[in-house]
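This is upload-v4.cif. It holds mmCIF, C-alpha atoms.
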data_structure
#
loop_
_atom_site.label_atom_id
_atom_site.label_comp_id
_atom_site.auth_asym_id
_atom_site.auth_seq_id
_atom_site.Cartn_x
_atom_site.Cartn_y
_atom_site.Cartn_z
CA MET A 1 22.27 -27.47 -49.47
CA ASP A 2 23.31 -27.44 -53.10
CA PHE A 3 20.19 -25.43 -53.97
CA LEU A 4 21.83 -22.37 -52.40
CA ASP A 5 24.37 -22.38 -55.23
CA TYR A 6 21.70 -21.10 -57.61
CA ALA A 7 20.81 -17.42 -57.66
CA PHE A 8 17.14 -18.07 -58.43
CA MET A 9 16.83 -20.29 -55.32
CA GLN A 10 18.50 -17.65 -53.17
CA ARG A 11 15.94 -15.12 -54.39
CA ALA A 12 13.09 -17.59 -53.95
CA LEU A 13 14.10 -18.45 -50.37
CA LEU A 14 14.41 -14.78 -49.40
CA ALA A 15 10.97 -14.12 -50.85
CA ALA A 16 9.61 -17.21 -49.07
CA VAL A 17 10.89 -16.06 -45.67
CA LEU A 18 9.35 -12.61 -46.14
CA VAL A 19 6.05 -14.18 -47.18
CA GLY A 20 6.14 -16.49 -44.17
CA ILE A 21 6.49 -13.47 -41.89
CA THR A 22 4.04 -11.05 -43.48
CA ALA A 23 1.11 -13.33 -44.34
CA PRO A 24 0.38 -14.55 -40.78
CA ALA A 25 1.22 -11.10 -39.37
CA VAL A 26 -1.71 -9.64 -41.30
CA GLY A 27 -3.84 -12.76 -41.13
CA ILE A 28 -4.12 -12.66 -37.34
CA TYR A 29 -6.10 -9.42 -37.60
CA LEU A 30 -8.27 -10.71 -40.44
CA VAL A 31 -9.13 -13.82 -38.41
CA GLN A 32 -10.13 -11.68 -35.43
CA ARG A 33 -12.28 -9.51 -37.72
CA ARG A 34 -13.90 -12.61 -39.24
CA GLN A 35 -12.61 -11.62 -42.68
CA ALA A 36 -10.60 -14.75 -43.34
CA LEU A 37 -11.42 -14.73 -47.06
CA MET A 38 -10.47 -11.10 -47.64
CA GLY A 39 -7.07 -12.11 -48.99
CA ASP A 40 -8.74 -14.33 -51.57
CA GLY A 41 -10.86 -11.42 -52.82
CA ILE A 42 -7.86 -9.10 -53.02
CA GLY A 43 -5.99 -11.80 -54.93
CA HIS A 44 -8.69 -11.75 -57.60
CA VAL A 45 -8.41 -7.97 -57.92
CA ALA A 46 -4.60 -8.16 -58.07
CA MET A 47 -4.87 -10.18 -61.27
CA THR A 48 -5.92 -7.00 -63.07
CA GLY A 49 -2.76 -5.31 -61.79
CA VAL A 50 -0.60 -8.17 -63.07
CA GLY A 51 -2.25 -7.96 -66.49
CA LEU A 52 -1.80 -4.18 -66.60
CA GLY A 53 1.86 -4.60 -65.68
CA PHE A 54 2.45 -6.77 -68.74
CA LEU A 55 0.30 -4.55 -70.96
CA LEU A 56 2.13 -1.36 -69.93
CA SER A 57 5.56 -3.05 -69.75
CA THR A 58 6.02 -2.19 -66.06
CA ASN A 59 6.88 -4.34 -63.06
CA PRO A 60 3.76 -6.49 -62.41
CA VAL A 61 4.44 -6.54 -58.65
CA TRP A 62 4.24 -2.76 -58.31
CA MET A 63 1.24 -2.53 -60.63
CA ALA A 64 -0.52 -5.32 -58.74
CA THR A 65 0.20 -3.48 -55.48
CA ALA A 66 -1.42 -0.28 -56.76
CA VAL A 67 -4.49 -2.08 -58.08
CA SER A 68 -4.80 -4.25 -54.95
CA VAL A 69 -4.64 -1.23 -52.64
CA LEU A 70 -7.32 0.50 -54.70
CA GLY A 71 -9.43 -2.65 -54.59
CA ALA A 72 -9.00 -2.94 -50.81
CA VAL A 73 -10.11 0.65 -50.33
CA ILE A 74 -13.20 0.01 -52.49
CA MET A 75 -13.93 -3.14 -50.47
CA GLU A 76 -13.85 -1.16 -47.23
CA LEU A 77 -16.10 1.55 -48.68
CA ILE A 78 -18.55 -1.13 -49.79
CA ARG A 79 -18.46 -2.63 -46.30
CA TRP A 80 -19.25 0.75 -44.79
CA TYR A 81 -21.93 1.92 -47.20
CA GLY A 82 -22.98 -1.12 -49.25
CA LYS A 83 -25.58 -2.49 -46.82
CA THR A 84 -27.81 -5.11 -48.45
CA ARG A 85 -26.24 -4.79 -51.91
CA GLY A 86 -22.68 -4.96 -50.66
CA ASP A 87 -22.21 -8.67 -51.37
CA ILE A 88 -23.26 -8.20 -55.01
CA ALA A 89 -20.86 -5.29 -55.43
CA LEU A 90 -18.01 -7.30 -53.93
CA ALA A 91 -18.76 -10.25 -56.22
CA MET A 92 -18.61 -7.98 -59.28
CA LEU A 93 -15.33 -6.49 -58.02
CA PHE A 94 -13.73 -9.92 -57.52
CA TYR A 95 -14.88 -11.47 -60.78
CA GLY A 96 -14.16 -8.28 -62.69
CA GLY A 97 -10.61 -8.38 -61.30
CA MET A 98 -10.11 -11.91 -62.60
CA ALA A 99 -11.59 -11.12 -66.00
CA GLY A 100 -9.53 -7.94 -66.32
CA GLY A 101 -6.32 -9.80 -65.53
CA VAL A 102 -6.97 -12.46 -68.16
CA MET A 103 -7.95 -9.86 -70.77
CA PHE A 104 -5.02 -7.49 -70.20
CA ILE A 105 -2.36 -10.19 -70.13
CA ASN A 106 -3.62 -11.63 -73.41
CA LEU A 107 -3.61 -8.16 -74.99
CA ALA A 108 -0.03 -7.54 -73.86
CA PRO A 109 2.62 -8.17 -76.55
CA THR A 110 4.82 -10.12 -74.09
CA GLY A 111 2.03 -11.66 -72.06
CA SER A 112 0.77 -15.23 -72.16
CA ASN A 113 -1.28 -17.67 -70.13
CA ALA A 114 1.97 -19.15 -68.87
CA ASN A 115 2.89 -15.77 -67.36
CA LEU A 116 -0.48 -15.56 -65.66
CA THR A 117 -0.21 -19.08 -64.28
CA SER A 118 3.07 -18.26 -62.54
CA TYR A 119 1.33 -15.43 -60.67
CA LEU A 120 -1.78 -17.47 -59.91
CA PHE A 121 0.03 -20.43 -58.34
CA GLY A 122 3.57 -19.19 -57.71
CA SER A 123 6.84 -19.98 -59.48
CA LEU A 124 10.37 -20.25 -58.10
CA SER A 125 12.34 -19.69 -61.30
CA THR A 126 10.57 -16.45 -62.21
CA VAL A 127 11.41 -14.48 -59.05
CA SER A 128 13.66 -11.74 -60.43
CA GLU A 129 15.96 -9.29 -58.65
CA SER A 130 13.45 -6.48 -59.20
CA ASP A 131 10.75 -8.70 -57.67
CA VAL A 132 12.91 -9.31 -54.61
CA THR A 133 13.50 -5.57 -54.21
CA ALA A 134 9.78 -4.87 -54.41
CA ILE A 135 8.97 -7.70 -52.00
CA CYS A 136 11.52 -6.43 -49.45
CA VAL A 137 10.14 -2.89 -49.52
CA LEU A 138 6.52 -4.04 -49.28
CA ALA A 139 7.31 -6.57 -46.53
CA ALA A 140 9.02 -3.85 -44.48
CA PHE A 141 5.83 -1.78 -44.70
CA VAL A 142 3.69 -4.72 -43.58
CA VAL A 143 5.92 -5.55 -40.59
CA LEU A 144 6.07 -1.89 -39.57
CA VAL A 145 2.27 -1.58 -39.56
CA THR A 146 1.41 -4.93 -37.98
CA MET A 147 3.99 -4.60 -35.19
CA GLY A 148 4.01 -0.86 -34.64
CA LEU A 149 0.22 -0.55 -34.40
CA ARG A 150 -0.54 -3.99 -33.00
CA ARG A 151 -2.43 -2.73 -29.93
CA GLN A 152 -4.63 -0.38 -31.93
CA LEU A 153 -5.28 -2.91 -34.70
CA PHE A 154 -6.07 -5.62 -32.16
CA ALA A 155 -8.53 -3.38 -30.31
CA VAL A 156 -10.39 -2.52 -33.50
CA SER A 157 -10.39 -6.15 -34.65
CA GLN A 158 -11.88 -7.33 -31.35
CA ASP A 159 -14.60 -4.70 -30.78
CA GLU A 160 -15.07 -1.72 -33.08
CA GLU A 161 -17.62 0.00 -30.83
CA PHE A 162 -15.37 -0.20 -27.77
CA ALA A 163 -12.40 1.01 -29.80
CA ARG A 164 -14.46 3.95 -31.06
CA VAL A 165 -15.49 4.89 -27.52
CA THR A 166 -11.84 4.89 -26.41
CA GLY A 167 -11.06 7.42 -29.12
CA LEU A 168 -9.34 5.25 -31.70
CA PRO A 169 -9.78 6.23 -35.39
CA VAL A 170 -11.68 3.03 -36.23
CA ARG A 171 -12.32 3.70 -39.90
CA ALA A 172 -8.75 4.77 -40.56
CA LEU A 173 -7.41 1.65 -38.82
CA ASN A 174 -9.83 -0.59 -40.73
CA LEU A 175 -8.68 1.02 -43.96
CA LEU A 176 -5.04 0.55 -42.98
CA THR A 177 -5.69 -3.14 -42.24
CA ALA A 178 -7.27 -3.59 -45.67
CA VAL A 179 -4.39 -1.81 -47.40
CA THR A 180 -1.84 -3.88 -45.48
CA ALA A 181 -3.66 -7.06 -46.51
CA ALA A 182 -3.53 -5.91 -50.14
CA VAL A 183 0.21 -5.29 -49.91
CA THR A 184 0.69 -8.73 -48.33
CA VAL A 185 -1.11 -10.40 -51.22
CA THR A 186 1.30 -8.86 -53.71
CA VAL A 187 4.26 -9.79 -51.52
CA ALA A 188 3.16 -13.43 -51.55
CA MET A 189 2.00 -13.86 -55.12
CA ARG A 190 5.43 -14.74 -56.57
CA VAL A 191 5.90 -17.60 -54.09
CA VAL A 192 2.44 -18.88 -53.15
CA GLY A 193 0.30 -17.45 -55.94
CA LEU A 194 -2.70 -15.14 -55.91
CA LEU A 195 -5.24 -17.94 -55.64
CA LEU A 196 -3.55 -19.61 -52.64
CA VAL A 197 -2.22 -16.69 -50.61
CA SER A 198 -5.33 -16.46 -48.44
CA ALA A 199 -4.57 -19.89 -46.97
CA LEU A 200 -1.15 -18.74 -45.79
CA MET A 201 -2.74 -15.70 -44.15
CA VAL A 202 -5.33 -17.70 -42.23
CA VAL A 203 -4.27 -21.32 -41.62
CA PRO A 204 -1.04 -20.60 -39.63
CA VAL A 205 -3.07 -18.35 -37.32
CA ALA A 206 -5.71 -21.05 -36.86
CA ALA A 207 -2.96 -23.57 -36.13
CA ALA A 208 -1.30 -21.26 -33.58
CA GLN A 209 -4.62 -20.77 -31.80
CA GLN A 210 -4.64 -24.48 -31.01
CA LEU A 211 -1.70 -23.91 -28.66
CA SER A 212 -2.12 -20.39 -27.33
CA ARG A 213 -4.74 -17.86 -26.27
CA SER A 214 -2.61 -14.76 -25.89
CA PHE A 215 -2.18 -12.45 -28.85
CA ALA A 216 1.61 -12.22 -28.55
CA ALA A 217 2.11 -15.98 -28.40
CA THR A 218 -0.36 -16.64 -31.20
CA PHE A 219 1.39 -14.03 -33.36
CA ALA A 220 4.83 -15.55 -32.73
CA ILE A 221 3.72 -19.14 -33.31
CA ALA A 222 1.83 -18.23 -36.48
CA VAL A 223 4.86 -16.44 -37.93
CA ALA A 224 7.10 -19.39 -36.99
CA ILE A 225 4.73 -21.76 -38.77
CA GLY A 226 4.56 -19.44 -41.78
CA VAL A 227 8.33 -19.23 -42.14
CA SER A 228 8.76 -22.98 -41.64
CA VAL A 229 6.20 -24.01 -44.26
CA THR A 230 7.32 -21.47 -46.85
CA ILE A 231 10.95 -22.55 -46.58
CA GLY A 232 9.97 -26.22 -46.48
CA GLY A 233 7.64 -25.84 -49.44
CA THR A 234 10.23 -23.94 -51.48
CA VAL A 235 12.96 -26.53 -50.87
CA THR A 236 10.55 -29.40 -51.55
CA SER A 237 9.46 -27.75 -54.78
CA TYR A 238 13.08 -27.56 -55.91
CA TYR A 239 13.91 -31.21 -55.23
CA GLN A 240 10.60 -32.80 -56.21
CA ASP A 241 9.68 -30.46 -59.10
CA VAL A 242 6.22 -29.73 -57.70
CA PRO A 243 4.31 -26.40 -57.63
CA PRO A 244 5.61 -24.25 -54.74
CA GLY A 245 2.29 -22.61 -53.89
CA ALA A 246 0.38 -25.89 -53.61
CA THR A 247 3.22 -27.50 -51.64
CA ILE A 248 3.34 -24.63 -49.13
CA VAL A 249 -0.41 -24.63 -48.60
CA LEU A 250 -0.54 -28.41 -48.12
CA LEU A 251 2.29 -28.21 -45.57
CA THR A 252 0.39 -25.44 -43.77
CA ILE A 253 -2.75 -27.56 -43.58
CA GLY A 254 -0.64 -30.49 -42.37
CA ALA A 255 0.78 -28.29 -39.59
CA PHE A 256 -2.74 -27.29 -38.58
CA ILE A 257 -3.87 -30.93 -38.38
CA ALA A 258 -0.78 -31.96 -36.40
CA LEU A 259 -1.16 -29.13 -33.86
CA THR A 260 -4.87 -29.83 -33.51
CA VAL A 261 -4.12 -33.46 -32.66
CA LEU A 262 -1.43 -32.42 -30.17
CA ALA A 263 -3.64 -29.77 -28.58
CA THR A 264 -6.60 -32.08 -27.93
CA PRO A 265 -5.12 -33.82 -24.84
CA LEU A 266 -4.02 -30.44 -23.49
CA ALA A 267 -7.55 -29.06 -23.86
CA ARG A 268 -8.95 -32.07 -22.04
CA ARG A 269 -6.51 -31.62 -19.15
CA ARG A 270 -7.46 -27.98 -18.88
CA ALA A 271 -11.14 -28.86 -18.84
CA ARG A 272 -10.59 -31.42 -16.07
CA ALA A 273 -8.52 -28.92 -14.07
CA LEU A 274 -11.27 -26.32 -14.39
CA ALA A 275 -13.93 -28.80 -13.30
CA ALA A 276 -11.84 -29.84 -10.31
CA ALA A 277 -11.23 -26.23 -9.30
CA GLN A 278 -14.92 -25.40 -9.52
CA ALA A 279 -15.84 -28.50 -7.51
CA ALA A 280 -13.38 -27.45 -4.80
CA GLY A 281 -14.93 -24.00 -4.68
CA ASP A 282 -11.87 -22.16 -5.96
CA PRO A 283 -12.48 -18.74 -7.49
CA ALA A 284 -12.74 -18.76 -11.26
CA GLU A 285 -9.56 -16.77 -11.68
CA CYS A 286 -7.56 -19.51 -9.96
CA ALA A 287 -8.61 -22.15 -12.45
CA ILE A 288 -7.06 -22.84 -15.81
CA PRO A 289 -9.28 -21.30 -18.52
CA ALA A 290 -11.34 -23.65 -20.63
CA SER A 291 -10.58 -23.97 -24.31
CA ARG A 292 -14.03 -23.00 -25.55
CA GLY A 293 -13.95 -19.85 -27.68
CA GLN A 294 -10.20 -19.60 -27.65
CA GLU A 295 -10.18 -18.41 -31.23
CA ARG A 296 -11.97 -15.23 -30.17
CA LYS A 297 -10.67 -14.62 -26.67
CA VAL A 298 -7.13 -13.74 -27.58
CA GLY A 299 -5.57 -11.11 -25.33
CA VAL A 300 -2.77 -8.70 -26.15
#
Kindly transcribe the structure held in the file into structure tokens.
Amino acid sequence: MDFLDYAFMQRALLAAVLVGITAPAVGIYLVQRRQALMGDGIGHVAMTGVGLGFLLSTNPVWMATAVSVLGAVIMELIRWYGKTRGDIALAMLFYGGMAGGVMFINLAPTGSNANLTSYLFGSLSTVSESDVTAICVLAAFVVLVTMGLRRQLFAVSQDEEFARVTGLPVRALNLLTAVTAAVTVTVAMRVVGLLLVSALMVVPVAAAQQLSRSFAATFAIAVAIGVSVTIGGTVTSYYQDVPPGATIVLLTIGAFIALTVLATPLARRRARALAAAQAAGDPAECAIPASRGQERKVGV
């Protein structure tokens, strides 16, 4: 535990825990909406915010948050009105975000490619006190939204038409989900990196779905996996001198593979129990549900 003697590791671990909580908390809604790669697109746009932060000598985290939120809003507007040309518009937005980030950071007097790399792939030693403050504030917003509005967000993520019929403000909730995803990207970029954050938003949720079908259990397991891999990846990065973002993502994928292997016998037992119940003429509700489609049939 000697790594706790260093202030930069204390800051990095705090940031890692917050990332481990917020990324899966938002990712569970993106997975249900079939927008698993949304975080990757927002990460590209956030690069422009990082570059502007260096160019204007402001905190890159706050600038990246502002640009990411604007990009997320534009992405939702394109999804609503873009129709057949929407994919082209999104591609230009993503690639323009990357190009803008590279251009601005090279024009900045204190910017360099090394600075950009730390935001692209994460860096432990560069997490400053101001970064931690920003991450704490942004993480509090993400947790408040994802937990406080979980029923409404889940309903919209599952079936927009049904949610609209029940009177929910579907477009406002979709926009809020996009904005929350953008904030999460900027929360995670100092630890995981902009190019890898999408994996931490999606893979823990996919891993949790191997064990559970209910929304509450999937949420809890995904967050537990997220916190475990971010702490494990941060500590491993300190001792082995390896990139933290890559280490965290590889640990996350390893957790997914391990849970998939463990869940396979359980799924087989459930299938046999269902077949036996049907053969005995038991009503369907008395049987254990089959595993098919579990990634979509997640109840609150």
Neighbouring residues of Leu153 (chain A) were defined as those with any atom within 12 Å, considering all atoms listed in the file; residues of the same chain fewer than 4 positions away were excluded. Please report them as an MDAnalysis selection string. chainID A and resid 25:30 32:33 145:149 157:160 163 168:178 180 215 300
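CA of Val202 (chain A) is found 16.8 Å from CA of Ser214 (chain A).
Take the candidates A:Val67, A:Thr230, A:Leu195, A:Phe154 and check each one against Ala216 (chain A) using only C-alpha atoms; the shortest distance goes to A:Phe154.
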Using the chain letters and residue numbers of this document, give as an mmCIF file with C-alpha atoms, keeping the file's coordinate frame the residues selected by the PyMOL selection byres ((chain A and resi 234-241) around 8).
data_model
loop_
_atom_site.group_PDB
_atom_site.id
_atom_site.type_symbol
_atom_site.label_atom_id
_atom_site.label_comp_id
_atom_site.auth_asym_id
_atom_site.auth_seq_id
_atom_site.Cartn_x
_atom_site.Cartn_y
_atom_site.Cartn_z
ATOM 1 C CA PHE A 3 20.190 -25.430 -53.970
ATOM 2 C CA ALA A 12 13.090 -17.590 -53.950
ATOM 3 C CA LEU A 13 14.100 -18.450 -50.370
ATOM 4 C CA ALA A 16 9.610 -17.210 -49.070
ATOM 5 C CA LEU A 124 10.370 -20.250 -58.100
ATOM 6 C CA THR A 230 7.320 -21.470 -46.850
ATOM 7 C CA ILE A 231 10.950 -22.550 -46.580
ATOM 8 C CA GLY A 232 9.970 -26.220 -46.480
ATOM 9 C CA GLY A 233 7.640 -25.840 -49.440
ATOM 10 C CA VAL A 242 6.220 -29.730 -57.700
ATOM 11 C CA PRO A 243 4.310 -26.400 -57.630
ATOM 12 C CA PRO A 244 5.610 -24.250 -54.740
ATOM 13 C CA THR A 247 3.220 -27.500 -51.640
ATOM 14 C CA ILE A 248 3.340 -24.630 -49.130
#
Please, what distance in Å, to one decimal, runs between CA of Ala246 (chain A) and CA of Tyr6 (chain A)?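 Interatomic distance here is 22.2 Å.
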The PyMOL selection byres ((chain A and resi 225) around 9) applied to the shown file, residues as a ChimeraX atom specification: /A:20,24,204-205,207-208,220-224,226-230,252,255
Using the atoms already present, construct all heavy atoms for region 232-243 of chain A and hand them back as a PDB file, keeping the file's coordinate frame.
ATOM      1  N   GLY A 232      10.112 -24.798 -46.176  1.00  0.00           N
ATOM      2  CA  GLY A 232       9.970 -26.220 -46.480  1.00  0.00           C
ATOM      3  C   GLY A 232       9.334 -26.463 -47.834  1.00  0.00           C
ATOM      4  O   GLY A 232       9.774 -27.331 -48.602  1.00  0.00           O
ATOM      5  N   GLY A 233       8.299 -25.685 -48.148  1.00  0.00           N
ATOM      6  CA  GLY A 233       7.640 -25.840 -49.440  1.00  0.00           C
ATOM      7  C   GLY A 233       8.526 -25.434 -50.602  1.00  0.00           C
ATOM      8  O   GLY A 233       8.503 -26.069 -51.663  1.00  0.00           O
ATOM      9  N   THR A 234       9.327 -24.395 -50.418  1.00  0.00           N
ATOM     10  CA  THR A 234      10.230 -23.940 -51.480  1.00  0.00           C
ATOM     11  C   THR A 234      11.315 -24.978 -51.760  1.00  0.00           C
ATOM     12  O   THR A 234      11.604 -25.302 -52.919  1.00  0.00           O
ATOM     13  CB  THR A 234      10.877 -22.604 -51.081  1.00  0.00           C
ATOM     14  OG1 THR A 234       9.854 -21.633 -50.848  1.00  0.00           O
ATOM     15  CG2 THR A 234      11.793 -22.099 -52.182  1.00  0.00           C
ATOM     16  N   VAL A 235      11.914 -25.517 -50.699  1.00  0.00           N
ATOM     17  CA  VAL A 235      12.960 -26.530 -50.870  1.00  0.00           C
ATOM     18  C   VAL A 235      12.370 -27.809 -51.471  1.00  0.00           C
ATOM     19  O   VAL A 235      12.965 -28.417 -52.381  1.00  0.00           O
ATOM     20  CB  VAL A 235      13.643 -26.825 -49.526  1.00  0.00           C
ATOM     21  CG1 VAL A 235      14.630 -27.983 -49.670  1.00  0.00           C
ATOM     22  CG2 VAL A 235      14.367 -25.591 -49.010  1.00  0.00           C
ATOM     23  N   THR A 236      11.205 -28.212 -51.004  1.00  0.00           N
ATOM     24  CA  THR A 236      10.550 -29.400 -51.550  1.00  0.00           C
ATOM     25  C   THR A 236      10.226 -29.226 -53.026  1.00  0.00           C
ATOM     26  O   THR A 236      10.401 -30.146 -53.839  1.00  0.00           O
ATOM     27  CB  THR A 236       9.255 -29.719 -50.775  1.00  0.00           C
ATOM     28  OG1 THR A 236       9.575 -29.915 -49.395  1.00  0.00           O
ATOM     29  CG2 THR A 236       8.574 -30.962 -51.328  1.00  0.00           C
ATOM     30  N   SER A 237       9.783 -28.041 -53.381  1.00  0.00           N
ATOM     31  CA  SER A 237       9.460 -27.750 -54.780  1.00  0.00           C
ATOM     32  C   SER A 237      10.694 -27.879 -55.665  1.00  0.00           C
ATOM     33  O   SER A 237      10.602 -28.373 -56.794  1.00  0.00           O
ATOM     34  CB  SER A 237       8.865 -26.347 -54.894  1.00  0.00           C
ATOM     35  OG  SER A 237       8.603 -26.022 -56.233  1.00  0.00           O
ATOM     36  N   TYR A 238      11.846 -27.466 -55.137  1.00  0.00           N
ATOM     37  CA  TYR A 238      13.080 -27.560 -55.910  1.00  0.00           C
ATOM     38  C   TYR A 238      13.486 -29.012 -56.153  1.00  0.00           C
ATOM     39  O   TYR A 238      13.824 -29.404 -57.276  1.00  0.00           O
ATOM     40  CB  TYR A 238      14.198 -26.810 -55.181  1.00  0.00           C
ATOM     41  CG  TYR A 238      15.568 -27.033 -55.767  1.00  0.00           C
ATOM     42  CD1 TYR A 238      15.978 -26.358 -56.914  1.00  0.00           C
ATOM     43  CD2 TYR A 238      16.459 -27.928 -55.166  1.00  0.00           C
ATOM     44  CE1 TYR A 238      17.241 -26.572 -57.455  1.00  0.00           C
ATOM     45  CE2 TYR A 238      17.716 -28.138 -55.699  1.00  0.00           C
ATOM     46  CZ  TYR A 238      18.104 -27.459 -56.838  1.00  0.00           C
ATOM     47  OH  TYR A 238      19.353 -27.677 -57.368  1.00  0.00           O
ATOM     48  N   TYR A 239      13.437 -29.833 -55.118  1.00  0.00           N
ATOM     49  CA  TYR A 239      13.910 -31.210 -55.230  1.00  0.00           C
ATOM     50  C   TYR A 239      12.900 -32.133 -55.907  1.00  0.00           C
ATOM     51  O   TYR A 239      13.286 -33.064 -56.620  1.00  0.00           O
ATOM     52  CB  TYR A 239      14.250 -31.757 -53.848  1.00  0.00           C
ATOM     53  CG  TYR A 239      15.584 -31.274 -53.327  1.00  0.00           C
ATOM     54  CD1 TYR A 239      15.652 -30.415 -52.235  1.00  0.00           C
ATOM     55  CD2 TYR A 239      16.771 -31.668 -53.931  1.00  0.00           C
ATOM     56  CE1 TYR A 239      16.871 -29.966 -51.751  1.00  0.00           C
ATOM     57  CE2 TYR A 239      18.004 -31.224 -53.458  1.00  0.00           C
ATOM     58  CZ  TYR A 239      18.048 -30.370 -52.367  1.00  0.00           C
ATOM     59  OH  TYR A 239      19.265 -29.914 -51.906  1.00  0.00           O
ATOM     60  N   GLN A 240      11.619 -31.893 -55.688  1.00  0.00           N
ATOM     61  CA  GLN A 240      10.600 -32.800 -56.210  1.00  0.00           C
ATOM     62  C   GLN A 240       9.923 -32.275 -57.473  1.00  0.00           C
ATOM     63  O   GLN A 240       9.086 -32.972 -58.057  1.00  0.00           O
ATOM     64  CB  GLN A 240       9.530 -33.049 -55.127  1.00  0.00           C
ATOM     65  CG  GLN A 240      10.084 -33.648 -53.851  1.00  0.00           C
ATOM     66  CD  GLN A 240      10.702 -35.015 -54.076  1.00  0.00           C
ATOM     67  OE1 GLN A 240      10.232 -35.804 -54.892  1.00  0.00           O
ATOM     68  NE2 GLN A 240      11.797 -35.303 -53.355  1.00  0.00           N
ATOM     69  N   ASP A 241      10.260 -31.071 -57.903  1.00  0.00           N
ATOM     70  CA  ASP A 241       9.680 -30.460 -59.100  1.00  0.00           C
ATOM     71  C   ASP A 241       8.145 -30.440 -59.016  1.00  0.00           C
ATOM     72  O   ASP A 241       7.435 -30.903 -59.905  1.00  0.00           O
ATOM     73  CB  ASP A 241      10.113 -31.217 -60.363  1.00  0.00           C
ATOM     74  CG  ASP A 241       9.786 -30.449 -61.640  1.00  0.00           C
ATOM     75  OD1 ASP A 241       9.658 -29.215 -61.565  1.00  0.00           O
ATOM     76  OD2 ASP A 241       9.644 -31.081 -62.705  1.00  0.00           O
ATOM     77  N   VAL A 242       7.652 -29.893 -57.910  1.00  0.00           N
ATOM     78  CA  VAL A 242       6.220 -29.730 -57.700  1.00  0.00           C
ATOM     79  C   VAL A 242       5.909 -28.243 -57.536  1.00  0.00           C
ATOM     80  O   VAL A 242       6.802 -27.447 -57.230  1.00  0.00           O
ATOM     81  CB  VAL A 242       5.749 -30.522 -56.461  1.00  0.00           C
ATOM     82  CG1 VAL A 242       5.838 -32.020 -56.714  1.00  0.00           C
ATOM     83  CG2 VAL A 242       6.559 -30.135 -55.230  1.00  0.00           C
ATOM     84  N   PRO A 243       4.656 -27.821 -57.729  1.00  0.00           N
ATOM     85  CA  PRO A 243       4.310 -26.400 -57.630  1.00  0.00           C
ATOM     86  C   PRO A 243       4.576 -25.869 -56.217  1.00  0.00           C
ATOM     87  O   PRO A 243       4.124 -26.488 -55.235  1.00  0.00           O
ATOM     88  CB  PRO A 243       2.813 -26.371 -57.957  1.00  0.00           C
ATOM     89  CG  PRO A 243       2.560 -27.621 -58.722  1.00  0.00           C
ATOM     90  CD  PRO A 243       3.510 -28.636 -58.172  1.00  0.00           C
TER      91      PRO A 243
END
